[in-house]
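Colleague: There's a structure below that I have some questions on.
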Amino acid sequence: MLSSLLNSVLFAIVLSSATAYAAPSLSMQVTGPDAAQKATDMKFVTTITNTGDEAVDLLNDPGSVLFDLPTNKFRVTGDSGAVPGFTGVVVKYAYQDAIDSGDVTTIAPGQTVTLNHDLSEAYNFASSGAGRYTFAPNTVFRAVNRSTKEVHTIEASVDKEHTTYISGKLTAPPNKTLRRRANFVGCSADQQNALNAAMRQATIYAQSAYSYLANNPSGTRRYTTWFGSFTTARFGIVKDHFLKIGGNNFGSFTYDCTCTRDGVYAYVYPDRFGQMFLCPVFWRAPLTGTDSQAGTIIHESSHYNANGGTRDYAYGQQAAQQLAGSNPDQAVLNADSHEYFAENNPPL
């Protein structure tokens with residue numbers, strides 16, 4: 001009798017502990033049109049449901065469906081293996097700033113959050129062609145502990161992906177806000193002065209980076225810190241990127257200062273060379289040094305298809321160094337890696 005009672009008590013304690021420390025749990029669904037013939041048909045909806053026992057605070061970061069700009073937040077594949085071109089935005093994101101400003105979506109236990117997406121703003125099916133495509137959302141979210149500010153990842157399960165038959169000419173309508181003749185859009189006099197200084201320093205950064213690579217065609221400490229182990233092929237990729245960026249006339253770009261998005265330095269559309277959107281974190285950044293205004297221009301310019309079309313595989317110096325060690329093939333295509341190589345702070 002005593003043994004049975006003791007076992008029951010122990011079971012209750014174990015069950016209670018398991019419940020108290022149950023891992024957060026999320027599920028997702030995607031819905032959209034069964035068929036699409038034009039860009040305006042490409043309206044999709046994602047839902048996120050908290051299937052756990054505690055509320056979660058999820059960062060609205062660029063890799064998740066919670067982000068409100070048209071980033072690459074879906075995996076889109078055709079039955080034939082075809083993949084549409086990505087024509088959305090790439091972003092220099094500041095995780096710590098987003099955490100400090102509380103840029104999160106809170107989902108209570110059992111609650112469902114619904115998000116609308118116009119995928120014509122992010123994907124172009126002209127090259128991949130007609131056919132049946134499956135749309136799967138990115139499932140990794142970053143949850144913030146509000147008291148400790150620590151971040152951990154949660155991978156949601158997908159209860160439902162969506163399949164759409166694509167036909168017709170599915171390209172987004174021309175962007176009518178692009179102003180090629182104006183250097184500044186919605187920028188105050190102080191912002192224009194800051195940008196003029198940042199342009200000059202960005203030119204120095206880019207040309208100095210190229211000169212360094214041209215004079216040091218080997219695995220120097222500076223190179224391997226940001227791009228990983230040396231190979232002639234990878235080195236050539238980086239050198240070509242800086243040759244192109246260093247040849248850009250930043251003074252002829254169009255700078256749009258109307259962005260109010262928290263946690264973001266800047267963003268560009270890779271296929272719209274010379275247009276750059278500056279956001280709140282940019283204006284708080286120093287002119288030079290780590291994560292600087294000049295460095296941000298380098299970062300964003302590396303995203304342009306004409307300059308190499310870099311991606312955002314890792315944000316921040318620590319993550320960029322880890323990427324260099326673990327995946328140098330991605331490091332030579334990572335925008336922050338190019339920025340930190342150019343800023344060279346601290347000097348290597």
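Naming works like this for the structure tokens: A, B, ... for the chains as they're shown, residue 1 at the start of each chain, ligands 1 onward in shown order.
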Show which residues sit within 9 Å of Ala108 (chain A), as a list in words. Count only C-alpha atoms, and ignore same-chain residues fewer than 2 positions away.

Modeller: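 My list of contacting residues is Thr49, Asn50, Gly52, Asp53, Glu54, Ala55, Val56, Asp57, Thr106, Gly110, Gln111 and Thr112 of chain A.
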
Colleague: Mind dumping a table of every region 182-295 of chain A residue within 12 Å of region 117-127 of chain A, with the nearest atom pair and its distance in Å to one decimal, using only C-alpha atoms, sorted by chain and rising number, as a Markdown table?

Modeller:
```
| residue | atom | partner | partner_atom | distance |
| --- | --- | --- | --- | --- |
| A:Tyr269 | CA | A:Ala122 | CA | 9.5 |
| A:Pro270 | CA | A:Ala122 | CA | 11.1 |
| A:Asp271 | CA | A:Ala122 | CA | 11.3 |
```

Colleague: What does the distance between CA of Pro347 (chain A) and CA of Pro280 (chain A) come to in Å, to one decimal place?

Modeller: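 Value for the CA of Pro347 (chain A)-CA of Pro280 (chain A) distance: 27.4 Å.
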
Colleague: Taking 2 positions as the minimum chain separation for residues in the same chain, which residues sit within 9 Å of Tyr313 (chain A) when counting only C-alpha atoms? Answer as a ChimeraX atom specification.

Modeller: /A:311,315,320,323,330-331,333-336

Colleague: Please dump the current selection as a PDB file, in the first residue's frame; keep N, CA and C atoms.

Modeller:
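Now in selection07.pdb:
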```
ATOM      1  N   ARG A 311      23.024  37.155 -49.879  1.00  0.00           N
ATOM      2  CA  ARG A 311      21.859  36.812 -49.069  1.00  0.00           C
ATOM      3  C   ARG A 311      22.137  37.180 -47.607  1.00  0.00           C
ATOM      4  N   TYR A 315      23.289  37.244 -39.284  1.00  0.00           N
ATOM      5  CA  TYR A 315      23.336  38.651 -38.889  1.00  0.00           C
ATOM      6  C   TYR A 315      24.248  38.804 -37.677  1.00  0.00           C
ATOM      7  N   ALA A 320      28.333  35.856 -38.049  1.00  0.00           N
ATOM      8  CA  ALA A 320      29.068  35.861 -39.315  1.00  0.00           C
ATOM      9  C   ALA A 320      30.381  35.093 -39.184  1.00  0.00           C
ATOM     10  N   LEU A 323      29.552  31.452 -39.160  1.00  0.00           N
ATOM     11  CA  LEU A 323      29.227  31.006 -40.516  1.00  0.00           C
ATOM     12  C   LEU A 323      30.500  30.770 -41.320  1.00  0.00           C
ATOM     13  N   GLN A 330      28.563  29.634 -47.925  1.00  0.00           N
ATOM     14  CA  GLN A 330      27.529  30.621 -47.627  1.00  0.00           C
ATOM     15  C   GLN A 330      28.142  31.942 -47.182  1.00  0.00           C
ATOM     16  N   ALA A 331      29.258  31.887 -46.474  1.00  0.00           N
ATOM     17  CA  ALA A 331      29.883  33.112 -45.967  1.00  0.00           C
ATOM     18  C   ALA A 331      30.249  34.066 -47.104  1.00  0.00           C
ATOM     19  N   LEU A 333      28.720  34.544 -49.662  1.00  0.00           N
ATOM     20  CA  LEU A 333      27.477  35.090 -50.219  1.00  0.00           C
ATOM     21  C   LEU A 333      26.634  35.760 -49.146  1.00  0.00           C
ATOM     22  N   ASN A 334      27.226  36.035 -47.988  1.00  0.00           N
ATOM     23  CA  ASN A 334      26.500  36.630 -46.871  1.00  0.00           C
ATOM     24  C   ASN A 334      26.793  38.129 -46.787  1.00  0.00           C
ATOM     25  N   ALA A 335      25.741  38.938 -46.740  1.00  0.00           N
ATOM     26  CA  ALA A 335      25.913  40.396 -46.806  1.00  0.00           C
ATOM     27  C   ALA A 335      26.666  40.953 -45.603  1.00  0.00           C
ATOM     28  N   ASP A 336      26.318  40.521 -44.392  1.00  0.00           N
ATOM     29  CA  ASP A 336      27.009  41.046 -43.215  1.00  0.00           C
ATOM     30  C   ASP A 336      28.494  40.695 -43.236  1.00  0.00           C
TER      31      ASP A 336
END
```

Colleague: Given only C-alpha atoms as the basis, pick out the residue of A:Glu150, A:Asp240, A:Asp159, A:Asp61 nearest to Gln29 (chain A).

Modeller: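 Smallest distance to Gln29 (chain A) is found for A:Asp159.
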